[in-house]
$ cat run.tsv   # TSV, C-alpha atoms
chain	number	residue	atom	x	y	z
Z	25	MET	CA	132.51	61.28	12.45
Z	26	PRO	CA	131.95	64.98	12.05
Z	27	GLU	CA	133.93	67.22	14.33
Z	28	PRO	CA	131.99	67.91	17.54
Z	29	VAL	CA	130.65	71.44	17.45
Z	30	GLY	CA	128.99	73.76	19.89
Z	31	VAL	CA	125.46	74.68	18.96
Z	32	LEU	CA	124.05	78.03	19.93
Z	33	LEU	CA	120.48	77.57	21.03
Z	34	SER	CA	117.80	80.19	21.01
Z	35	GLU	CA	118.07	81.06	24.68
Z	36	GLY	CA	121.71	81.83	24.22
Z	37	ARG	CA	123.19	78.92	26.10
Z	38	ARG	CA	126.14	77.34	24.33
Z	39	TYR	CA	126.14	73.59	24.53
Z	40	SER	CA	129.62	72.24	24.87
Z	41	ASP	CA	130.09	68.89	23.23
Z	42	ARG	CA	131.85	66.21	25.11
Z	43	GLY	CA	133.40	64.89	21.91
Z	44	GLN	CA	131.66	61.57	22.29
Z	45	PRO	CA	129.97	59.98	19.29
Z	46	ASP	CA	126.61	59.74	21.02
Z	47	LEU	CA	123.27	60.05	19.33
Z	48	HIS	CA	122.54	63.23	21.20
Z	49	GLY	CA	125.72	64.84	19.91
Z	50	LEU	CA	124.94	63.77	16.36
Z	51	TYR	CA	121.56	65.38	16.55
Z	52	ARG	CA	123.11	68.56	17.75
Z	53	THR	CA	125.56	68.48	14.88
Z	54	ALA	CA	122.69	67.84	12.50
Z	55	ALA	CA	120.82	70.68	14.06
Z	56	ALA	CA	123.71	73.02	13.50
Z	57	ALA	CA	123.85	72.08	9.87
Z	58	THR	CA	120.16	72.43	9.32
Z	59	VAL	CA	119.07	75.40	11.37
Z	60	GLY	CA	117.63	78.02	9.09
Z	61	ILE	CA	117.28	75.65	6.18
Z	62	SER	CA	114.26	73.52	6.85
Z	63	VAL	CA	111.11	74.84	8.36
Z	64	GLU	CA	109.07	71.77	7.53
Z	65	HIS	CA	111.13	69.55	9.77
Z	66	PRO	CA	111.86	71.50	12.88
Z	67	ILE	CA	114.95	70.01	14.41
Z	68	MET	CA	114.53	71.27	17.92
Z	69	ILE	CA	111.74	70.46	20.31
Z	70	GLN	CA	110.40	72.84	22.90
Z	71	VAL	CA	109.94	71.88	26.53
Z	72	ARG	CA	109.59	73.90	29.69
Z	73	VAL	CA	112.30	73.59	32.28
Z	74	ASN	CA	111.55	75.18	35.64
Z	75	GLY	CA	108.92	77.32	34.00
Z	76	LYS	CA	111.11	78.60	31.16
Z	77	VAL	CA	110.96	77.59	27.53
Z	78	HIS	CA	113.90	75.44	26.57
Z	79	GLU	CA	114.81	74.03	23.17
Z	80	CYS	CA	116.65	70.80	22.70
Z	81	PRO	CA	117.17	68.21	19.99
Z	82	PRO	CA	114.69	65.37	19.66
Z	83	GLU	CA	115.71	62.20	21.46
Z	84	THR	CA	117.25	64.23	24.27
Z	85	THR	CA	117.09	62.18	27.44
Z	86	VAL	CA	116.56	63.68	30.86
Z	87	ALA	CA	120.17	62.76	31.67
Z	88	ASP	CA	121.29	64.72	28.55
Z	89	LEU	CA	119.26	67.71	29.68
Z	90	LEU	CA	120.78	67.66	33.17
Z	91	ASN	CA	124.23	67.37	31.66
Z	92	ASP	CA	123.61	70.22	29.23
Z	93	LEU	CA	122.35	72.45	32.05
Z	94	GLN	CA	125.35	71.48	34.18
Z	95	ILE	CA	123.14	70.29	37.01
Z	96	ASN	CA	124.79	68.44	39.87
Z	97	VAL	CA	122.79	65.24	39.52
Z	98	ARG	CA	123.73	64.07	42.99
Z	99	TYR	CA	121.79	66.92	44.56
Z	100	CYS	CA	118.79	67.10	42.26
Z	101	ALA	CA	115.46	65.45	41.64
Z	102	VAL	CA	113.38	65.69	38.49
Z	103	GLU	CA	109.69	65.85	37.85
Z	104	ARG	CA	108.17	65.37	34.44
Z	105	ASN	CA	104.65	66.67	33.95
Z	106	GLN	CA	104.16	66.82	37.71
Z	107	GLU	CA	105.21	63.21	38.25
Z	108	LEU	CA	108.46	62.31	39.94
Z	109	LEU	CA	110.93	60.81	37.52
Z	110	PRO	CA	113.13	58.41	39.48
Z	111	ARG	CA	116.86	58.79	39.06
Z	112	GLU	CA	117.12	55.34	37.44
Z	113	GLU	CA	114.97	56.53	34.54
Z	114	HIS	CA	116.92	59.68	33.68
Z	115	ARG	CA	119.00	57.85	31.07
Z	116	THR	CA	116.10	56.18	29.34
Z	117	VAL	CA	113.30	58.75	29.35
Z	118	ARG	CA	113.39	61.01	26.31
Z	119	LEU	CA	111.86	64.46	26.29
Z	120	VAL	CA	108.77	65.04	24.23
Z	121	SER	CA	107.73	68.41	22.90
Z	122	GLY	CA	105.61	70.20	25.48
Z	123	ASP	CA	107.03	68.32	28.46
Z	124	GLU	CA	107.10	70.29	31.67
Z	125	ILE	CA	110.25	69.51	33.56
Z	126	GLU	CA	111.01	70.60	37.09
Z	127	ILE	CA	114.53	70.22	38.39
Z	128	VAL	CA	114.83	70.81	42.11
Z	129	THR	CA	117.45	70.70	44.80
Z	130	LEU	CA	117.60	71.30	48.53
Z	131	VAL	CA	118.03	74.81	49.89
Z	132	GLY	CA	118.12	76.46	53.29
Z	133	GLY	CA	114.75	76.55	54.99
Z	134	GLY	CA	112.96	76.10	58.25
F	21	MET	CA	129.88	65.14	94.91
F	22	THR	CA	127.11	63.96	92.68
F	23	ASP	CA	128.04	64.05	89.06
F	24	PRO	CA	125.48	66.27	87.23
F	25	ALA	CA	125.48	63.82	84.34
F	26	SER	CA	124.21	61.07	86.63
F	27	VAL	CA	121.10	63.04	87.61
F	28	THR	CA	120.26	64.45	84.20
F	29	THR	CA	119.99	61.18	82.29
F	30	ASP	CA	117.26	61.25	79.66
F	31	SER	CA	115.89	58.88	77.09
F	32	PRO	CA	116.30	59.73	73.42
F	33	ILE	CA	113.36	61.24	71.59
F	34	ARG	CA	111.79	58.78	69.18
F	35	LEU	CA	110.24	60.15	65.98
F	36	GLY	CA	108.94	57.25	63.92
F	37	ASN	CA	111.95	55.02	63.47
F	38	HIS	CA	114.42	57.82	64.22
F	39	GLU	CA	116.01	58.12	67.63
F	40	LEU	CA	117.62	61.43	68.50
F	41	SER	CA	119.57	62.52	71.52
F	42	SER	CA	119.10	66.24	70.88
F	43	ARG	CA	115.57	67.56	71.25
F	44	LEU	CA	116.33	70.63	69.21
F	45	ILE	CA	115.73	70.53	65.46
F	46	VAL	CA	117.06	73.49	63.53
F	47	GLY	CA	116.32	75.03	60.17
F	48	THR	CA	118.94	76.05	57.64
F	49	GLY	CA	117.35	79.16	56.13
F	50	LYS	CA	118.14	82.87	56.31
F	51	TYR	CA	121.77	82.64	57.38
F	52	ARG	CA	124.07	85.37	56.15
F	53	SER	CA	126.39	82.73	54.74
F	54	LEU	CA	126.56	78.99	54.37
F	55	GLU	CA	129.69	78.97	56.51
F	56	LEU	CA	127.83	80.69	59.35
F	57	MET	CA	124.97	78.24	58.99
F	58	GLN	CA	127.39	75.34	59.20
F	59	GLU	CA	128.87	76.65	62.44
F	60	CYS	CA	125.47	77.33	63.99
F	61	LEU	CA	124.17	73.86	63.13
F	62	ALA	CA	127.13	72.36	64.97
F	63	LEU	CA	126.81	74.73	67.95
F	64	SER	CA	123.09	74.00	68.33
F	65	GLY	CA	123.90	70.35	69.00
F	66	ALA	CA	120.99	69.30	66.80
F	67	ASP	CA	120.91	65.85	65.22
F	68	VAL	CA	118.32	66.84	62.65
F	69	VAL	CA	118.29	69.82	60.32
F	70	THR	CA	115.44	70.78	58.05
F	71	VAL	CA	115.80	71.99	54.46
F	72	ALA	CA	113.43	73.15	51.74
F	73	VAL	CA	112.97	71.89	48.19
F	74	ARG	CA	113.31	74.51	45.46
F	75	ARG	CA	113.89	74.83	41.74
F	76	GLU	CA	117.48	74.68	40.60
F	77	ARG	CA	118.61	78.13	39.59
F	78	LEU	CA	119.60	77.37	36.05
F	79	THR	CA	121.23	80.71	35.41
F	80	ASP	CA	123.45	80.82	38.48
F	81	SER	CA	126.13	78.19	38.41
F	82	SER	CA	128.03	79.32	41.50
F	83	GLY	CA	128.22	75.62	42.29
F	84	ARG	CA	127.65	76.12	46.01
F	85	ASN	CA	124.95	73.84	47.26
F	86	ILE	CA	123.77	73.81	50.85
F	87	LEU	CA	124.42	70.08	50.96
F	88	ASP	CA	128.14	70.77	50.68
F	89	PHE	CA	127.85	72.56	54.03
F	90	ILE	CA	125.91	69.92	55.93
F	91	ASP	CA	127.79	66.91	57.24
F	92	LEU	CA	125.58	64.15	55.87
F	93	SER	CA	127.20	61.55	58.08
F	94	ARG	CA	126.38	63.56	61.21
F	95	PHE	CA	122.99	65.12	60.47
F	96	THR	CA	119.73	63.53	59.48
F	97	ILE	CA	118.10	65.79	56.93
F	98	LEU	CA	114.42	66.56	57.37
F	99	PRO	CA	113.07	67.81	54.06
F	100	ASN	CA	110.10	70.11	54.38
F	101	THR	CA	107.24	71.20	52.17
F	102	ALA	CA	107.57	74.87	53.09
F	103	GLY	CA	105.91	77.17	50.60
F	104	CYS	CA	103.18	74.72	49.58
F	105	PHE	CA	99.61	75.95	49.60
F	106	SER	CA	97.84	72.77	48.52
F	107	ALA	CA	97.92	69.11	49.48
F	108	GLU	CA	98.84	68.18	45.90
F	109	ASP	CA	101.90	70.41	45.88
F	110	ALA	CA	102.98	69.23	49.31
F	111	VAL	CA	102.87	65.61	48.15
F	112	ARG	CA	104.90	66.45	45.03
F	113	VAL	CA	107.51	68.33	47.03
F	114	ALA	CA	107.76	65.58	49.63
F	115	ARG	CA	108.42	63.00	46.92
F	116	LEU	CA	111.09	65.17	45.32
F	117	GLY	CA	112.82	65.64	48.66
F	118	ARG	CA	112.74	61.91	49.28
F	119	GLU	CA	114.23	61.27	45.86
F	120	ILE	CA	117.20	63.54	46.58
F	121	LEU	CA	117.85	62.08	50.01
F	122	ARG	CA	117.59	58.52	48.72
F	123	GLY	CA	120.33	59.35	46.26
F	124	LEU	CA	122.46	60.68	49.10
F	125	GLU	CA	121.70	57.65	51.27
F	126	ASN	CA	120.72	59.94	54.12
F	127	PRO	CA	118.36	58.40	56.70
F	128	GLY	CA	116.09	61.42	56.24
F	129	ALA	CA	114.74	59.91	53.00
F	130	ASP	CA	111.84	58.28	54.80
F	131	TRP	CA	110.34	61.30	56.54
F	132	VAL	CA	109.08	64.79	55.83
F	133	LYS	CA	108.12	67.91	57.69
F	134	LEU	CA	104.69	68.61	56.24
F	135	GLU	CA	103.66	72.21	55.93
F	136	VAL	CA	100.61	73.30	53.94
F	137	LEU	CA	100.01	76.99	54.33
F	138	GLY	CA	96.78	78.91	54.18
F	139	ASP	CA	97.99	82.38	53.31
F	140	THR	CA	101.19	84.32	52.78
F	141	ARG	CA	100.55	87.03	55.32
F	142	THR	CA	100.21	84.84	58.38
F	143	LEU	CA	101.84	81.66	57.02
F	144	LEU	CA	99.33	79.87	59.19
F	145	PRO	CA	98.62	76.27	58.20
F	146	ASP	CA	95.58	75.29	56.17
F	147	PRO	CA	94.19	72.63	58.51
F	148	VAL	CA	91.94	70.91	55.97
F	149	ALA	CA	94.67	70.62	53.34
F	150	THR	CA	97.21	69.61	55.98
F	151	VAL	CA	95.10	66.68	57.17
F	152	ASP	CA	94.50	65.66	53.56
F	153	ALA	CA	98.20	65.83	52.66
F	154	CYS	CA	99.14	64.00	55.84
F	155	ARG	CA	96.89	61.06	54.92
F	156	ARG	CA	98.27	60.88	51.39
F	157	LEU	CA	101.87	61.00	52.53
F	158	VAL	CA	101.31	58.35	55.17
F	159	ASP	CA	99.73	56.15	52.46
F	160	ASP	CA	102.82	56.78	50.35
F	161	GLY	CA	105.07	55.43	53.10
F	162	PHE	CA	106.29	58.69	54.60
F	163	GLN	CA	106.79	59.30	58.28
F	164	VAL	CA	105.09	62.65	58.58
F	165	LEU	CA	106.07	65.31	61.09
F	166	CYS	CA	103.23	67.69	60.80
F	167	TYR	CA	103.32	71.45	61.25
F	168	THR	CA	99.99	72.76	62.46
F	169	SER	CA	98.48	75.53	64.56
F	170	ASP	CA	98.04	75.13	68.30
F	171	ASP	CA	94.44	74.02	67.83
F	172	PRO	CA	93.96	70.79	69.82
F	173	ILE	CA	91.23	69.39	67.56
F	174	THR	CA	93.34	69.71	64.43
F	175	ALA	CA	96.26	68.22	66.33
F	176	ARG	CA	94.16	65.21	67.20
F	177	ARG	CA	93.02	64.83	63.58
F	178	LEU	CA	96.60	64.82	62.41
F	179	LYS	CA	97.57	62.13	64.85
F	180	GLU	CA	94.58	60.09	63.65
F	181	ALA	CA	95.75	60.65	60.07
F	182	GLY	CA	98.98	58.91	60.97
F	183	ALA	CA	101.47	61.70	61.69
F	184	VAL	CA	104.44	60.34	63.66
F	185	SER	CA	104.68	63.73	65.38
F	186	VAL	CA	102.37	66.70	65.59
F	187	MET	CA	104.20	70.01	65.62
F	188	PRO	CA	102.06	72.93	66.78
F	189	ALA	CA	103.27	76.45	66.15
F	190	GLY	CA	103.96	78.58	69.19
F	191	SER	CA	103.13	81.64	67.06
F	192	PRO	CA	103.37	82.49	63.34
F	193	ILE	CA	106.50	81.37	61.48
F	194	GLY	CA	109.41	83.74	61.91
F	195	SER	CA	107.39	86.09	64.14
F	196	GLY	CA	109.50	85.57	67.25
F	197	GLN	CA	106.40	85.94	69.40
F	198	GLY	CA	107.14	82.79	71.36
F	199	ILE	CA	104.34	80.65	72.74
F	200	LEU	CA	101.20	82.73	72.51
F	201	ASN	CA	98.73	80.28	73.97
F	202	ARG	CA	100.29	77.92	76.43
F	203	ASN	CA	96.88	76.64	77.45
F	204	ASN	CA	96.14	75.43	73.93
F	205	LEU	CA	99.53	73.80	73.85
F	206	ARG	CA	98.79	72.09	77.15
F	207	ILE	CA	95.51	70.76	75.76
F	208	CYS	CA	97.32	69.56	72.62
F	209	LEU	CA	99.78	67.71	74.84
F	210	GLU	CA	97.00	66.23	76.91
F	211	TYR	CA	95.01	65.04	73.90
F	212	LEU	CA	97.95	63.70	71.93
F	213	LYS	CA	99.58	61.93	74.85
F	214	GLU	CA	96.37	60.50	76.29
F	215	ASP	CA	96.96	56.73	76.46
F	216	ASP	CA	100.15	57.32	74.48
F	217	PRO	CA	102.53	59.27	76.73
F	218	ASP	CA	105.50	58.83	74.42
F	219	TYR	CA	103.77	60.36	71.39
F	220	PRO	CA	106.14	63.18	70.39
F	221	VAL	CA	104.90	66.74	70.28
F	222	ILE	CA	107.28	69.38	68.97
F	223	VAL	CA	106.82	73.12	69.02
F	224	ASP	CA	107.54	74.30	65.51
F	225	ALA	CA	107.66	78.01	64.69
F	226	GLY	CA	107.47	81.33	66.44
F	227	VAL	CA	110.35	80.81	68.84
F	228	GLY	CA	112.15	84.10	69.41
F	229	THR	CA	114.58	83.46	72.19
F	230	ALA	CA	115.87	80.93	74.66
F	231	SER	CA	113.06	81.32	77.20
F	232	ASP	CA	110.52	80.36	74.52
F	233	VAL	CA	112.34	77.07	74.00
F	234	ALA	CA	112.61	76.48	77.73
F	235	LEU	CA	108.89	77.18	78.20
F	236	ALA	CA	107.91	74.73	75.45
F	237	MET	CA	110.00	72.03	77.10
F	238	GLU	CA	108.76	72.88	80.59
F	239	LEU	CA	105.19	72.42	79.38
F	240	GLY	CA	106.10	68.86	78.43
F	241	CYS	CA	106.81	69.17	74.72
F	242	ASP	CA	109.28	66.61	73.43
F	243	GLY	CA	111.27	68.97	71.28
F	244	VAL	CA	111.47	72.32	69.55
F	245	LEU	CA	112.05	73.13	65.90
F	246	LEU	CA	113.34	76.60	65.13
F	247	ASN	CA	115.22	78.54	62.50
F	248	THR	CA	114.86	82.32	62.50
F	249	GLY	CA	115.45	82.58	66.25
F	250	ILE	CA	119.05	81.59	65.63
F	251	ALA	CA	119.63	82.73	62.04
F	252	GLY	CA	118.17	86.18	62.66
F	253	ALA	CA	119.90	86.90	65.99
F	254	ASP	CA	122.60	89.57	66.11
F	255	ASP	CA	125.07	86.86	67.05
F	256	PRO	CA	123.69	83.61	65.65
F	257	ARG	CA	126.54	81.51	67.05
F	258	ARG	CA	125.86	82.60	70.62
F	259	MET	CA	122.11	82.18	70.14
F	260	ALA	CA	122.64	78.64	68.81
F	261	VAL	CA	124.35	77.77	72.09
F	262	ALA	CA	121.64	79.56	74.11
F	263	MET	CA	118.88	77.60	72.34
F	264	LYS	CA	120.69	74.34	72.96
F	265	GLN	CA	121.08	75.11	76.66
F	266	ALA	CA	117.49	76.32	76.98
F	267	CYS	CA	116.22	73.12	75.42
F	268	GLN	CA	118.25	71.05	77.87
F	269	ALA	CA	117.27	73.22	80.84
F	270	GLY	CA	113.57	73.15	79.98
F	271	ARG	CA	113.63	69.41	79.47
F	272	GLN	CA	115.36	68.82	82.80
F	273	ALA	CA	112.88	71.10	84.56
F	274	TRP	CA	109.99	69.15	83.04
F	275	LEU	CA	111.47	65.83	84.10
F	276	ALA	CA	112.23	67.23	87.56
F	277	GLY	CA	108.59	68.28	88.05
F	278	ARG	CA	108.00	71.89	88.93
F	279	ILE	CA	106.32	73.10	92.12
F	280	PRO	CA	102.68	74.11	91.83
F	281	ARG	CA	101.85	77.80	91.47
F	282	LYS	CA	100.29	79.26	94.62
F	283	LEU	CA	98.78	82.66	95.19
F	284	TYR	CA	100.47	83.27	98.57
F	285	ALA	CA	104.00	82.90	99.77
F	286	THR	CA	105.50	79.94	101.58
F	287	ALA	CA	108.56	80.75	103.66
F	288	SER	CA	111.73	79.00	102.67
F	289	SER	CA	113.30	79.49	106.11
F	290	PRO	CA	111.97	77.87	109.32
F	291	GLU	CA	109.20	79.79	111.07
F	292	GLU	CA	110.32	78.39	114.43
F	293	GLY	CA	113.06	80.13	116.41
F	294	VAL	CA	112.70	83.58	114.96
F	295	ILE	CA	114.13	86.13	117.51
F	296	CYS	CA	112.14	89.15	116.31
F	297	LEU	CA	109.89	90.60	119.06
F	298	LYS	CA	107.25	91.94	116.77
F	299	GLN	CA	105.01	89.24	115.34
F	300	GLN	CA	103.43	90.00	111.97
F	301	ALA	CA	99.66	90.01	112.20
F	302	GLY	CA	97.54	87.99	109.84
F	303	ALA	CA	100.25	85.53	108.86
F	304	GLY	CA	98.92	82.07	108.11
$ encode --input "run.tsv" --output "structure tokens"
Amino acid sequence: MPEPVGVLLSEGRRYSDRGQPDLHGLYRTAAAATVGISVEHPIMIQVRVNGKVHECPPETTVADLLNDLQINVRYCAVERNQELLPREEHRTVRLVSGDEIEIVTLVGGG
Amino acid sequence: MTDPASVTTDSPIRLGNHELSSRLIVGTGKYRSLELMQECLALSGADVVTVAVRRERLTDSSGRNILDFIDLSRFTILPNTAGCFSAEDAVRVARLGREILRGLENPGADWVKLEVLGDTRTLLPDPVATVDACRRLVDDGFQVLCYTSDDPITARRLKEAGAVSVMPAGSPIGSGQGILNRNNLRICLEYLKEDDPDYPVIVDAGVGTASDVALAMELGCDGVLLNTGIAGADDPRRMAVAMKQACQAGRQAWLAGRIPRKLYATASSPEEGVICLKQQAGAG
């Protein structure tokens, strides 16, 4: 296994690896090795998260995204392309380029 | 001595399948701090607190979430669709709120405070979109508590659409103007409770101070929902207590049955046995 590395993404957020040999981590490692080398095979995909462009490796699941963004999953709900994505599906649904993701929580209101 | 508790017994308010002993529902917005909010929620005596659904702030990881300041074993959360200007958005937001509360196993997962606004300046409801959203949410299994204006016809439409409670505004949200049109509210109550006296009607919005709450209850409303009246007061803690007491006082006055209003006076003391020599002319 390659050493887990942190990958600096375009928006400046540093992903911290959990040191687990998961597919997601491998992609990130691959991404680190390849960024700037291949333009024909873009490694990262672009999605929108809460209205902002966000890049992530292919095969990223919604659960990976929440983890990377350090979202408290207990207090959040996720919509994908304006459809609610039930909690049970966060681990299985993988992001596709162009996906519009909304991550919401509860706030004070009347 | 008669124990006051024995003469002020009251039945709980029933909203769909929820039974509440407090008739005051409070919002959680606009407090200076989450700690202050937490105290005021407790002081208000409310069983239900309403919250909004908003995007996670991805850049700010302060880690403080309002849910850490609400005792989920004590309060039933009422998610709202505040800020929605279309039926579609209101349905999306309601589903997201339900998803969060399901995860928290809070009984509030099965209901929603529906609010579909018409414009930002007045924050008045869009009646057409509200009726539409209400129908869709009822079809989707929600128990809908529906914010609306004090228009009796719209109120009736919302009840027909399946709302478990219709919640007319006393005046615009956060305006503190109190109950602007008590006659409309009385007609709403008459229409909604016709043949269905237990149908719950809650004044939602516009409450500025304790007397507004008392008036709503004295008119026969089943409850009051408010936020800014407490959160925006100089001393929110004291106002939370005042609102609680006003709600109880107004409710008791309604149950007690007020005297009719008359144009002329009726003496409280006996008219017989007065020792004054001069008799007032023209007395009835």
$ atom_distance --input "run.tsv" --atom1 "atom CA of F:Asp159" --atom2 "atom CA of F:Gly182"
9.0 Å
$ residues_near_point --input "run.tsv" --point "(115.0, 64.2, 55.8)" --cutoff "10 Å" --atoms "all atoms listed in the file" --output "list in words"
Val68, Val69, Thr70, Val71, Ala72, Phe95, Thr96, Ile97, Leu98, Pro99, Asn100, Ala114, Gly117, Arg118, Ile120, Leu121, Arg122, Asn126, Pro127, Gly128, Ala129, Asp130, Trp131, Val132, Lys133 and Gln163 of chain F
$ interface_residues --input "run.tsv" --of "chain Z" --to "chain F" --cutoff "10 Å" --atoms "all atoms listed in the file" --output "PyMOL selection string"
chain Z and resi 37+73-76+93-103+106-111+126-134
$ write_last_selection --input "run.tsv" --atoms "C-alpha atoms" --output "PDB file, keeping the file's coordinate frame"
ATOM      1  CA  ARG Z  37     123.190  78.920  26.100  1.00  0.00           C
ATOM      2  CA  VAL Z  73     112.300  73.590  32.280  1.00  0.00           C
ATOM      3  CA  ASN Z  74     111.550  75.180  35.640  1.00  0.00           C
ATOM      4  CA  GLY Z  75     108.920  77.320  34.000  1.00  0.00           C
ATOM      5  CA  LYS Z  76     111.110  78.600  31.160  1.00  0.00           C
ATOM      6  CA  LEU Z  93     122.350  72.450  32.050  1.00  0.00           C
ATOM      7  CA  GLN Z  94     125.350  71.480  34.180  1.00  0.00           C
ATOM      8  CA  ILE Z  95     123.140  70.290  37.010  1.00  0.00           C
ATOM      9  CA  ASN Z  96     124.790  68.440  39.870  1.00  0.00           C
ATOM     10  CA  VAL Z  97     122.790  65.240  39.520  1.00  0.00           C
ATOM     11  CA  ARG Z  98     123.730  64.070  42.990  1.00  0.00           C
ATOM     12  CA  TYR Z  99     121.790  66.920  44.560  1.00  0.00           C
ATOM     13  CA  CYS Z 100     118.790  67.100  42.260  1.00  0.00           C
ATOM     14  CA  ALA Z 101     115.460  65.450  41.640  1.00  0.00           C
ATOM     15  CA  VAL Z 102     113.380  65.690  38.490  1.00  0.00           C
ATOM     16  CA  GLU Z 103     109.690  65.850  37.850  1.00  0.00           C
ATOM     17  CA  GLN Z 106     104.160  66.820  37.710  1.00  0.00           C
ATOM     18  CA  GLU Z 107     105.210  63.210  38.250  1.00  0.00           C
ATOM     19  CA  LEU Z 108     108.460  62.310  39.940  1.00  0.00           C
ATOM     20  CA  LEU Z 109     110.930  60.810  37.520  1.00  0.00           C
ATOM     21  CA  PRO Z 110     113.130  58.410  39.480  1.00  0.00           C
ATOM     22  CA  ARG Z 111     116.860  58.790  39.060  1.00  0.00           C
ATOM     23  CA  GLU Z 126     111.010  70.600  37.090  1.00  0.00           C
ATOM     24  CA  ILE Z 127     114.530  70.220  38.390  1.00  0.00           C
ATOM     25  CA  VAL Z 128     114.830  70.810  42.110  1.00  0.00           C
ATOM     26  CA  THR Z 129     117.450  70.700  44.800  1.00  0.00           C
ATOM     27  CA  LEU Z 130     117.600  71.300  48.530  1.00  0.00           C
ATOM     28  CA  VAL Z 131     118.030  74.810  49.890  1.00  0.00           C
ATOM     29  CA  GLY Z 132     118.120  76.460  53.290  1.00  0.00           C
ATOM     30  CA  GLY Z 133     114.750  76.550  54.990  1.00  0.00           C
ATOM     31  CA  GLY Z 134     112.960  76.100  58.250  1.00  0.00           C
TER      32      GLY Z 134
END
$ atom_distance --input "run.tsv" --atom1 "atom CA of F:Val261" --atom2 "atom CA of F:Asp23"
22.1 Å
$ atom_distance --input "run.tsv" --atom1 "atom CA of Z:Val86" --atom2 "atom CA of F:Ala110"
23.6 Å
$ residues_around --input "run.tsv" --residues "F:Glu180" --least-positions-apart "3" --cutoff "10 Å" --atoms "all atoms listed in the file" --output "PDB file with C-alpha atoms, in the coordinates of the input"
ATOM      1  CA  VAL F 151      95.100  66.680  57.170  1.00  0.00           C
ATOM      2  CA  CYS F 154      99.140  64.000  55.840  1.00  0.00           C
ATOM      3  CA  ARG F 155      96.890  61.060  54.920  1.00  0.00           C
ATOM      4  CA  THR F 174      93.340  69.710  64.430  1.00  0.00           C
ATOM      5  CA  ALA F 175      96.260  68.220  66.330  1.00  0.00           C
ATOM      6  CA  ARG F 176      94.160  65.210  67.200  1.00  0.00           C
ATOM      7  CA  ARG F 177      93.020  64.830  63.580  1.00  0.00           C
ATOM      8  CA  ALA F 183     101.470  61.700  61.690  1.00  0.00           C
ATOM      9  CA  VAL F 184     104.440  60.340  63.660  1.00  0.00           C
ATOM     10  CA  LEU F 212      97.950  63.700  71.930  1.00  0.00           C
TER      11      LEU F 212
END
$ residues_around --input "run.tsv" --residues "Z:His78" --least-positions-apart "3" --cutoff "12 Å" --atoms "only C-alpha atoms" --output "JSON, numbers by chain"
{"Z": [33, 34, 35, 36, 37, 68, 69, 70, 71, 72, 73, 74, 75, 81, 84, 89, 92, 93, 119, 120, 121, 122, 123, 124, 125, 126], "F": [78]}
